[in-house]
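K.L.:
You'll find entry.cif just under this line, and it carries mmCIF, C-alpha atoms and all ligand atoms.
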data_model
#
loop_
_atom_site.group_PDB
_atom_site.id
_atom_site.type_symbol
_atom_site.label_atom_id
_atom_site.label_comp_id
_atom_site.auth_asym_id
_atom_site.auth_seq_id
_atom_site.Cartn_x
_atom_site.Cartn_y
_atom_site.Cartn_z
ATOM 1 C CA MET E 1 91.960 29.530 264.419
ATOM 2 C CA THR E 2 94.430 29.743 267.287
ATOM 3 C CA ASN E 3 92.985 30.905 270.589
ATOM 4 C CA ILE E 4 95.538 33.053 272.354
ATOM 5 C CA HIS E 5 94.869 34.352 275.865
ATOM 6 C CA PHE E 6 96.980 37.060 277.545
ATOM 7 C CA ILE E 7 96.994 37.103 281.350
ATOM 8 C CA ILE E 8 98.451 40.386 282.540
ATOM 9 C CA ASN E 9 99.618 41.232 286.055
ATOM 10 C CA PRO E 10 98.989 45.008 286.166
ATOM 11 C CA ILE E 11 101.222 45.579 289.213
ATOM 12 C CA ALA E 12 104.265 43.560 288.048
ATOM 13 C CA GLY E 13 107.611 45.374 287.936
ATOM 14 C CA LYS E 14 107.168 49.115 287.854
ATOM 15 C CA GLY E 15 103.362 48.662 287.630
ATOM 16 C CA ILE E 16 100.569 49.965 285.325
ATOM 17 C CA ARG E 17 101.139 47.051 282.963
ATOM 18 C CA TYR E 18 98.671 46.554 280.106
ATOM 19 C CA LEU E 19 98.485 45.464 276.471
ATOM 20 C CA SER E 20 96.074 47.091 274.041
ATOM 21 C CA MET E 21 93.894 45.005 271.718
ATOM 22 C CA ASP E 22 95.009 47.220 268.807
ATOM 23 C CA LEU E 23 98.670 46.415 269.447
ATOM 24 C CA LEU E 24 97.947 42.698 269.708
ATOM 25 C CA LYS E 25 95.861 42.736 266.523
ATOM 26 C CA SER E 26 98.761 44.388 264.697
ATOM 27 C CA ILE E 27 100.904 41.331 265.490
ATOM 28 C CA PHE E 28 98.393 38.475 265.678
ATOM 29 C CA ASN E 29 96.396 38.472 262.440
ATOM 30 C CA VAL E 30 92.659 38.302 263.324
ATOM 31 C CA GLU E 31 92.088 35.800 260.531
ATOM 32 C CA GLU E 32 94.429 33.365 262.295
ATOM 33 C CA PHE E 33 94.079 34.272 265.965
ATOM 34 C CA THR E 34 91.250 34.841 268.447
ATOM 35 C CA ILE E 35 92.670 37.146 271.113
ATOM 36 C CA VAL E 36 91.485 37.363 274.735
ATOM 37 C CA ILE E 37 93.006 39.728 277.331
ATOM 38 C CA LYS E 38 92.565 39.208 281.088
ATOM 39 C CA TYR E 39 93.988 41.150 284.062
ATOM 40 C CA SER E 40 94.786 39.604 287.437
ATOM 41 C CA LYS E 41 93.170 41.455 290.324
ATOM 42 C CA TYR E 42 94.876 39.835 293.322
ATOM 43 C CA LYS E 43 97.530 37.272 294.327
ATOM 44 C CA ARG E 44 96.922 33.840 292.732
ATOM 45 C CA HIS E 45 94.099 35.234 290.541
ATOM 46 C CA ALA E 46 96.243 34.434 287.458
ATOM 47 C CA THR E 47 95.849 30.740 288.338
ATOM 48 C CA GLU E 48 92.033 31.012 288.301
ATOM 49 C CA LEU E 49 92.151 32.986 285.034
ATOM 50 C CA THR E 50 94.413 30.337 283.473
ATOM 51 C CA GLN E 51 92.121 27.499 284.562
ATOM 52 C CA ASN E 52 89.204 29.355 282.938
ATOM 53 C CA SER E 53 91.245 29.884 279.769
ATOM 54 C CA ILE E 54 91.957 26.143 279.567
ATOM 55 C CA THR E 55 88.200 25.476 279.818
ATOM 56 C CA GLU E 56 87.697 28.094 277.085
ATOM 57 C CA ASP E 57 90.021 26.026 274.802
ATOM 58 C CA ALA E 58 92.965 28.409 274.714
ATOM 59 C CA HIS E 59 95.839 27.021 272.611
ATOM 60 C CA ILE E 60 98.395 29.528 273.880
ATOM 61 C CA ILE E 61 98.291 31.218 277.291
ATOM 62 C CA VAL E 62 100.659 34.142 277.687
ATOM 63 C CA ALA E 63 101.861 35.116 281.162
ATOM 64 C CA CYS E 64 102.539 38.868 281.144
ATOM 65 C CA GLY E 65 104.450 39.709 284.316
ATOM 66 C CA GLY E 66 107.434 38.445 286.265
ATOM 67 C CA ASP E 67 108.427 35.066 287.670
ATOM 68 C CA GLY E 68 105.485 35.092 290.134
ATOM 69 C CA THR E 69 102.931 35.519 287.352
ATOM 70 C CA ILE E 70 104.645 32.894 285.202
ATOM 71 C CA ASN E 71 104.483 30.515 288.179
ATOM 72 C CA GLU E 72 100.723 31.061 288.636
ATOM 73 C CA VAL E 73 100.005 30.514 284.926
ATOM 74 C CA ALA E 74 102.505 27.734 284.178
ATOM 75 C CA SER E 75 101.514 25.643 287.230
ATOM 76 C CA CYS E 76 98.214 24.947 285.395
ATOM 77 C CA LEU E 77 99.969 23.866 282.188
ATOM 78 C CA ILE E 78 102.214 21.019 283.397
ATOM 79 C CA ASN E 79 102.051 18.032 281.025
ATOM 80 C CA SER E 80 99.406 19.830 278.943
ATOM 81 C CA SER E 81 99.526 20.557 275.214
ATOM 82 C CA VAL E 82 98.637 24.216 275.850
ATOM 83 C CA LYS E 83 101.680 26.368 275.075
ATOM 84 C CA LEU E 84 103.003 28.922 277.548
ATOM 85 C CA GLY E 85 104.014 32.308 276.125
ATOM 86 C CA ILE E 86 105.874 34.909 278.165
ATOM 87 C CA VAL E 87 105.870 38.696 277.932
ATOM 88 C CA PRO E 88 108.389 39.858 280.561
ATOM 89 C CA MET E 89 106.818 42.675 282.572
ATOM 90 C CA GLY E 90 108.241 41.874 286.028
ATOM 91 C CA SER E 91 111.180 43.316 287.879
ATOM 92 C CA GLY E 92 113.758 40.490 287.797
ATOM 93 C CA ASN E 93 112.335 38.425 284.902
ATOM 94 C CA GLY E 94 114.836 35.644 285.636
ATOM 95 C CA LEU E 95 113.069 32.831 283.760
ATOM 96 C CA ALA E 96 112.344 34.957 280.668
ATOM 97 C CA SER E 97 115.974 36.012 280.547
ATOM 98 C CA ASN E 98 117.182 32.401 280.882
ATOM 99 C CA LEU E 99 114.860 31.550 277.961
ATOM 100 C CA ASN E 100 116.365 34.424 275.888
ATOM 101 C CA ILE E 101 112.986 36.157 275.696
ATOM 102 C CA PRO E 102 113.646 39.855 275.084
ATOM 103 C CA ARG E 103 112.373 42.484 277.528
ATOM 104 C CA LYS E 104 111.033 44.642 274.690
ATOM 105 C CA ILE E 105 107.320 43.871 274.521
ATOM 106 C CA LEU E 106 107.079 44.002 270.721
ATOM 107 C CA ASN E 107 110.009 41.602 270.358
ATOM 108 C CA SER E 108 108.582 39.134 272.873
ATOM 109 C CA LEU E 109 105.222 39.230 271.051
ATOM 110 C CA GLU E 110 106.960 38.498 267.740
ATOM 111 C CA ILE E 111 108.531 35.418 269.325
ATOM 112 C CA ILE E 112 105.124 34.240 270.541
ATOM 113 C CA ARG E 113 103.690 34.677 267.052
ATOM 114 C CA LYS E 114 106.326 32.263 265.678
ATOM 115 C CA GLN E 115 105.136 29.615 268.198
ATOM 116 C CA GLU E 116 108.454 27.728 268.376
ATOM 117 C CA VAL E 117 108.124 25.529 271.414
ATOM 118 C CA ILE E 118 110.707 23.931 273.664
ATOM 119 C CA LYS E 119 110.067 21.579 276.570
ATOM 120 C CA ILE E 120 111.551 22.590 279.894
ATOM 121 C CA ASP E 121 111.958 20.859 283.246
ATOM 122 C CA VAL E 122 109.732 21.778 286.161
ATOM 123 C CA GLY E 123 110.697 21.719 289.847
ATOM 124 C CA ARG E 124 108.399 20.775 292.686
ATOM 125 C CA VAL E 125 108.766 21.507 296.398
ATOM 126 C CA ASN E 126 106.240 19.229 298.145
ATOM 127 C CA GLN E 127 102.967 20.150 296.328
ATOM 128 C CA LYS E 128 104.160 23.495 294.909
ATOM 129 C CA TYR E 129 105.633 23.829 291.414
ATOM 130 C CA PHE E 130 108.524 26.139 290.645
ATOM 131 C CA PHE E 131 110.108 26.962 287.320
ATOM 132 C CA SER E 132 113.083 29.083 288.414
ATOM 133 C CA ASN E 133 114.067 28.391 292.000
ATOM 134 C CA THR E 134 113.137 27.670 295.584
ATOM 135 C CA GLY E 135 115.092 27.830 298.821
ATOM 136 C CA VAL E 136 115.388 27.955 302.568
ATOM 137 C CA GLY E 137 117.283 30.491 304.666
ATOM 138 C CA PHE E 138 118.579 33.800 303.351
ATOM 139 C CA ASP E 139 116.685 33.824 300.016
ATOM 140 C CA ALA E 140 113.330 33.171 301.720
ATOM 141 C CA THR E 141 114.019 35.997 304.200
ATOM 142 C CA VAL E 142 114.925 38.357 301.331
ATOM 143 C CA ILE E 143 111.689 37.536 299.490
ATOM 144 C CA LYS E 144 109.628 38.031 302.665
ATOM 145 C CA ASN E 145 111.186 41.491 303.112
ATOM 146 C CA TYR E 146 110.905 42.327 299.392
ATOM 147 C CA GLU E 147 107.178 41.592 299.478
ATOM 148 C CA SER E 148 106.668 43.852 302.480
ATOM 149 C CA ASN E 149 108.666 46.844 301.173
ATOM 150 C CA ASN E 150 106.386 47.311 298.120
ATOM 151 C CA LYS E 151 109.212 48.330 295.759
ATOM 152 C CA ARG E 152 109.166 45.902 292.825
ATOM 153 C CA THR E 153 112.548 46.994 291.427
ATOM 154 C CA LEU E 154 116.246 46.087 291.753
ATOM 155 C CA ILE E 155 116.478 48.668 294.576
ATOM 156 C CA GLY E 156 113.635 46.780 296.313
ATOM 157 C CA TYR E 157 115.682 43.545 296.174
ATOM 158 C CA ILE E 158 118.877 45.300 297.394
ATOM 159 C CA LEU E 159 117.031 46.915 300.350
ATOM 160 C CA ALA E 160 115.488 43.541 301.198
ATOM 161 C CA CYS E 161 118.998 41.964 301.195
ATOM 162 C CA PHE E 162 120.301 44.517 303.720
ATOM 163 C CA THR E 163 117.255 44.128 305.998
ATOM 164 C CA SER E 164 117.658 40.363 305.803
ATOM 165 C CA ILE E 165 121.365 40.467 306.752
ATOM 166 C CA ASN E 166 120.310 42.200 309.990
ATOM 167 C CA GLU E 167 117.395 39.996 310.903
ATOM 168 C CA LEU E 168 118.258 36.559 309.479
ATOM 169 C CA LYS E 169 117.514 33.724 311.874
ATOM 170 C CA HIS E 170 119.465 30.726 310.575
ATOM 171 C CA PRO E 171 117.286 27.618 310.531
ATOM 172 C CA LYS E 172 118.894 25.242 313.056
ATOM 173 C CA LYS E 173 120.295 21.816 312.142
ATOM 174 C CA LEU E 174 118.757 20.880 308.845
ATOM 175 C CA LYS E 175 119.287 17.325 307.676
ATOM 176 C CA ILE E 176 120.047 17.172 303.954
ATOM 177 C CA HIS E 177 119.605 14.036 301.820
ATOM 178 C CA ILE E 178 121.164 14.444 298.391
ATOM 179 C CA ASN E 179 122.709 12.053 295.839
ATOM 180 C CA ASP E 180 122.852 9.078 298.273
ATOM 181 C CA THR E 181 124.521 11.105 301.028
ATOM 182 C CA GLN E 182 123.135 12.650 304.209
ATOM 183 C CA PHE E 183 124.574 15.371 306.398
ATOM 184 C CA GLU E 184 123.489 17.964 308.932
ATOM 185 C CA ILE E 185 124.120 21.695 308.636
ATOM 186 C CA ASP E 186 123.281 25.028 310.228
ATOM 187 C CA PRO E 187 122.582 26.789 306.936
ATOM 188 C CA PHE E 188 122.848 30.354 305.729
ATOM 189 C CA LEU E 189 121.223 29.197 302.507
ATOM 190 C CA VAL E 190 119.909 26.081 300.775
ATOM 191 C CA PHE E 191 119.093 27.281 297.260
ATOM 192 C CA ILE E 192 117.662 24.940 294.629
ATOM 193 C CA SER E 193 117.389 26.086 291.038
ATOM 194 C CA ASN E 194 116.074 24.887 287.703
ATOM 195 C CA SER E 195 117.133 28.044 285.889
ATOM 196 C CA ASN E 196 120.550 29.680 285.717
ATOM 197 C CA GLU E 197 119.266 33.153 286.471
ATOM 198 C CA LEU E 198 117.800 34.893 289.507
ATOM 199 C CA GLY E 199 116.904 38.012 287.536
ATOM 200 C CA TYR E 200 118.842 41.146 286.539
ATOM 201 C CA LYS E 201 121.419 38.698 285.024
ATOM 202 C CA PHE E 202 122.536 37.515 288.497
ATOM 203 C CA SER E 203 122.938 33.831 289.216
ATOM 204 C CA LEU E 204 123.655 31.607 292.214
ATOM 205 C CA THR E 205 123.645 28.475 290.050
ATOM 206 C CA PRO E 206 125.603 29.321 286.887
ATOM 207 C CA LYS E 207 125.753 25.679 285.729
ATOM 208 C CA ALA E 208 121.949 25.179 285.750
ATOM 209 C CA SER E 209 120.010 24.336 282.600
ATOM 210 C CA LEU E 210 116.230 24.288 282.090
ATOM 211 C CA GLN E 211 116.532 21.162 279.977
ATOM 212 C CA ASP E 212 119.099 18.906 281.681
ATOM 213 C CA GLY E 213 116.685 17.009 283.971
ATOM 214 C CA LEU E 214 118.665 18.188 287.015
ATOM 215 C CA LEU E 215 118.289 20.639 289.863
ATOM 216 C CA ASP E 216 121.338 22.724 290.769
ATOM 217 C CA VAL E 217 121.799 23.167 294.499
ATOM 218 C CA LEU E 218 123.902 25.742 296.336
ATOM 219 C CA ILE E 219 124.340 25.089 300.051
ATOM 220 C CA ILE E 220 126.114 27.627 302.246
ATOM 221 C CA THR E 221 126.719 26.922 305.914
ATOM 222 C CA LYS E 222 126.149 29.575 308.596
ATOM 223 C CA ILE E 223 128.368 32.631 307.995
ATOM 224 C CA ASN E 224 128.861 35.937 309.830
ATOM 225 C CA LYS E 225 127.615 39.315 308.554
ATOM 226 C CA LEU E 226 130.968 40.267 307.055
ATOM 227 C CA LYS E 227 131.008 37.035 305.063
ATOM 228 C CA MET E 228 127.408 37.752 303.936
ATOM 229 C CA ILE E 229 128.583 41.067 302.468
ATOM 230 C CA TRP E 230 131.570 39.297 300.864
ATOM 231 C CA PHE E 231 129.107 36.762 299.365
ATOM 232 C CA GLY E 232 126.983 39.670 298.022
ATOM 233 C CA PHE E 233 130.126 41.040 296.344
ATOM 234 C CA LEU E 234 130.914 37.625 294.817
ATOM 235 C CA VAL E 235 127.344 37.468 293.436
ATOM 236 C CA LEU E 236 127.774 40.955 291.929
ATOM 237 C CA ILE E 237 130.978 39.895 290.148
ATOM 238 C CA LYS E 238 129.231 36.634 289.108
ATOM 239 C CA LYS E 239 131.554 34.335 291.112
ATOM 240 C CA PRO E 240 129.285 33.120 293.970
ATOM 241 C CA LEU E 241 130.954 29.711 294.054
ATOM 242 C CA LEU E 242 134.262 31.235 295.206
ATOM 243 C CA LEU E 243 132.817 31.513 298.726
ATOM 244 C CA LYS E 244 134.716 28.988 300.868
ATOM 245 C CA GLU E 245 131.527 27.801 302.598
ATOM 246 C CA ALA E 246 129.684 27.141 299.291
ATOM 247 C CA GLN E 247 128.924 23.567 298.219
ATOM 248 C CA TYR E 248 127.432 22.927 294.779
ATOM 249 C CA TYR E 249 125.464 19.861 293.697
ATOM 250 C CA GLN E 250 123.423 18.655 290.744
ATOM 251 C CA THR E 251 120.650 16.197 291.547
ATOM 252 C CA LYS E 252 117.209 14.900 290.631
ATOM 253 C CA GLN E 253 115.959 15.124 294.209
ATOM 254 C CA ILE E 254 116.897 16.700 297.516
ATOM 255 C CA LYS E 255 115.211 16.289 300.905
ATOM 256 C CA VAL E 256 115.552 18.883 303.626
ATOM 257 C CA GLN E 257 114.403 17.902 307.124
ATOM 258 C CA ASN E 258 113.927 20.115 310.124
ATOM 259 C CA LYS E 259 113.286 18.024 313.222
ATOM 260 C CA LYS E 260 112.873 21.085 315.475
ATOM 261 C CA GLN E 261 110.014 22.714 313.538
ATOM 262 C CA ASP E 262 106.975 21.449 311.664
ATOM 263 C CA TYR E 263 107.090 24.215 309.048
ATOM 264 C CA PHE E 264 109.512 25.871 306.633
ATOM 265 C CA ASP E 265 109.734 29.515 305.637
ATOM 266 C CA THR E 266 110.601 29.190 301.987
ATOM 267 C CA GLN E 267 110.128 30.868 298.611
ATOM 268 C CA ALA E 268 109.166 29.593 295.183
ATOM 269 C CA ASP E 269 109.929 31.745 292.126
ATOM 270 C CA GLY E 270 110.264 34.825 294.286
ATOM 271 C CA GLU E 271 107.015 34.410 296.238
ATOM 272 C CA PHE E 272 107.226 33.837 299.998
ATOM 273 C CA LEU E 273 105.723 30.529 301.087
ATOM 274 C CA LYS E 274 105.189 28.838 304.449
ATOM 275 C CA ILE E 275 105.122 25.060 304.025
ATOM 276 C CA LYS E 276 103.651 23.161 306.955
ATOM 277 C CA ASN E 277 105.773 20.028 307.044
ATOM 278 C CA GLU E 278 108.970 18.971 308.778
ATOM 279 C CA THR E 279 110.355 17.720 305.437
ATOM 280 C CA LEU E 280 110.736 19.441 302.088
ATOM 281 C CA THR E 281 111.042 17.056 299.162
ATOM 282 C CA ILE E 282 112.249 18.900 296.108
ATOM 283 C CA HIS E 283 112.439 17.099 292.803
ATOM 284 C CA ILE E 284 112.355 17.662 289.079
ATOM 285 C CA ASP E 285 109.814 16.629 286.428
ATOM 286 C CA THR E 286 111.782 16.364 283.205
ATOM 287 C CA LYS E 287 110.539 18.362 280.170
ATOM 288 C CA ALA E 288 107.024 18.756 281.575
ATOM 289 C CA LEU E 289 106.184 22.220 280.213
ATOM 290 C CA ASN E 290 105.816 23.513 276.625
ATOM 291 C CA VAL E 291 107.191 27.058 276.409
ATOM 292 C CA ILE E 292 107.413 29.325 273.397
ATOM 293 C CA SER E 293 111.032 30.417 273.313
ATOM 294 C CA PRO E 294 113.667 31.567 270.820
ATOM 295 C CA ILE E 295 116.035 28.913 272.257
ATOM 296 C CA LEU E 296 116.121 26.059 269.757
ATOM 297 C CA ALA E 297 114.651 22.750 270.971
HETATM 298 N N1 LIG E 301 96.114 43.038 290.711
HETATM 299 C C1 LIG E 301 97.009 42.574 291.582
HETATM 300 N N2 LIG E 301 97.181 43.185 292.779
HETATM 301 C C2 LIG E 301 98.110 42.761 293.662
HETATM 302 N N3 LIG E 301 98.953 41.698 293.439
HETATM 303 C C3 LIG E 301 98.816 41.056 292.273
HETATM 304 C C4 LIG E 301 97.851 41.447 291.284
HETATM 305 N N4 LIG E 301 97.954 40.603 290.223
HETATM 306 C C5 LIG E 301 98.947 39.725 290.542
HETATM 307 N N5 LIG E 301 99.475 39.992 291.755
HETATM 308 C C6 LIG E 301 100.626 39.353 292.442
HETATM 309 O O1 LIG E 301 101.794 40.116 292.139
HETATM 310 C C7 LIG E 301 102.944 39.350 292.560
HETATM 311 C C8 LIG E 301 104.186 39.737 291.806
HETATM 312 O O2 LIG E 301 104.123 39.347 290.483
HETATM 313 P P1 LIG E 301 105.407 39.059 289.577
HETATM 314 O O3 LIG E 301 106.363 38.132 290.260
HETATM 315 O O4 LIG E 301 104.895 38.647 288.271
HETATM 316 O O5 LIG E 301 106.116 40.486 289.433
HETATM 317 P P2 LIG E 301 107.514 40.992 289.994
HETATM 318 O O6 LIG E 301 107.725 40.553 291.403
HETATM 319 O O7 LIG E 301 107.547 42.455 289.731
HETATM 320 O O8 LIG E 301 108.573 40.294 289.017
HETATM 321 P P3 LIG E 301 109.788 39.250 289.325
HETATM 322 O O9 LIG E 301 109.213 38.123 290.129
HETATM 323 O O10 LIG E 301 110.268 38.824 287.960
HETATM 324 O O11 LIG E 301 110.844 40.030 290.077
HETATM 325 C C9 LIG E 301 102.481 37.907 292.412
HETATM 326 O O12 LIG E 301 102.511 37.323 293.700
HETATM 327 C C10 LIG E 301 101.016 37.995 291.947
HETATM 328 O O13 LIG E 301 100.219 37.013 292.550
#
Could you render the structure as structure tokens?
Ligand SMILES: Nc1ncnc2c1ncn2[C@@H]1O[C@H](COP(=O)(O)OP(=O)(O)OP(=O)(O)O)[C@@H](O)[C@H]1O

P.N.:
Amino acid sequence: MTNIHFIINPIAGKGIRYLSMDLLKSIFNVEEFTIVIKYSKYKRHATELTQNSITEDAHIIVACGGDGTINEVASCLINSSVKLGIVPMGSGNGLASNLNIPRKILNSLEIIRKQEVIKIDVGRVNQKYFFSNTGVGFDATVIKNYESNNKRTLIGYILACFTSINELKHPKKLKIHINDTQFEIDPFLVFISNSNELGYKFSLTPKASLQDGLLDVLIITKINKLKMIWFGFLVLIKKPLLLKEAQYYQTKQIKVQNKKQDYFDTQADGEFLKIKNETLTIHIDTKALNVISPILA
């Protein structure tokens, strides 16, 4: 028997997310599968539920939600033989889209039933895992505003971008160590990505791959508000790297130091995060997670 556990974030995306046992039984034959359904009740609860599922000998744990839910579930499955399944129920669903997992629930369940697994890379910023992206500067401010406006939709992200343009405080003089070089910048954005998609098919790191053992890094120095709007336009037409101030790197590790402050306002997979340290060390663990995906291994 295969033990399959579904961990559902009921407020992901447009909200009121659920899966019925009848639907699941119609796809996962009860003679082959034992099905368990759990709902998260608060932030980070999916992590506790996943840890319990591992103790209960789950073979497959399915994160049903967006990138935040996937992060909470997958962080417990690094270097484990338990397979991660994904049912995209979030707003952006960047990681699911990069993995070619369809948004239609029935289709994503069919993929999970086939159990074809690939290994993907996993990023880490200090002690915190990320699967899609992390960053300092504009993206962290956008996520902070997105979380406070309570609209988990594309409109929510767009509103958060406009609020952030008005209130962005550029972190001062960050020291960057990357690929044997060091330099100092006043950044608009230091964005580090494992995946090539932010969500809604937008990307800041179009060359990124989940399986290349590398992090893709977009660094943009301080720009004025007009340039920020120009950058937004370039993102919309999928040409973010045309911005003159954009520098693009691929690396296994990047260090970001802030000598003026002993904390960073950052984000990991679209969740706002304050990290109390004057240095962020961001690196990649190659092929450390087993994910059920229609992409061939
Ligand atoms: N019952 C709950 N009540 C409130 N928050 C919850 C609950 N369950 C989970 N959460 C939190 O909801 C947040 C958002 O989840 P998630 O990222 O999956 O959805 P999303 O933001 O709509 O999608 P995406 O990140 O793909 O845009 C996560 O931080 C998670 O911890």

K.L.:
Apply the PyMOL selection byres (((chain E and resi 247-252) around 6) and not hetatm) to the structure shown and report the selected residues as a list in words.

P.N.:
Leu214, Leu215, Asp216, Val217, Leu218, Ile219, Ala246, Gln253, His283 and Ile284 of chain E

K.L.:
Once the PyMOL selection byres (((not hetatm)) within 9 of (chain E and resi 301)) has been evaluated on this model, what residues remain selected, and can you format them as an MDAnalysis selection string?

P.N.:
chainID E and resid 8:15 39:47 63:72 88:96 146:147 151:154 157 198:200 269:272

K.L.:
Just the number, please: distance in Å from atom CA of E:Ile158 to atom CA of E:Lys222, one decimal.

P.N.:
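Pair atom CA of E:Ile158 / atom CA of E:Lys222 returns 20.6 Å.
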
K.L.:
Which residues would end up in the selection if the PyMOL selection byres (((chain E and resi 295) around 10) and not hetatm) were applied here, given that I need the answer as number ranges by chain?

P.N.:
E: 98-101, 116-118, 291-294, 296-297

K.L.:
Nearest to E:Ile192 among E:Gln257, E:Asn224, E:Gln267, E:Gln211, with distances taken over all atoms listed in the file: which residue is it?

P.N.:
E:Gln267
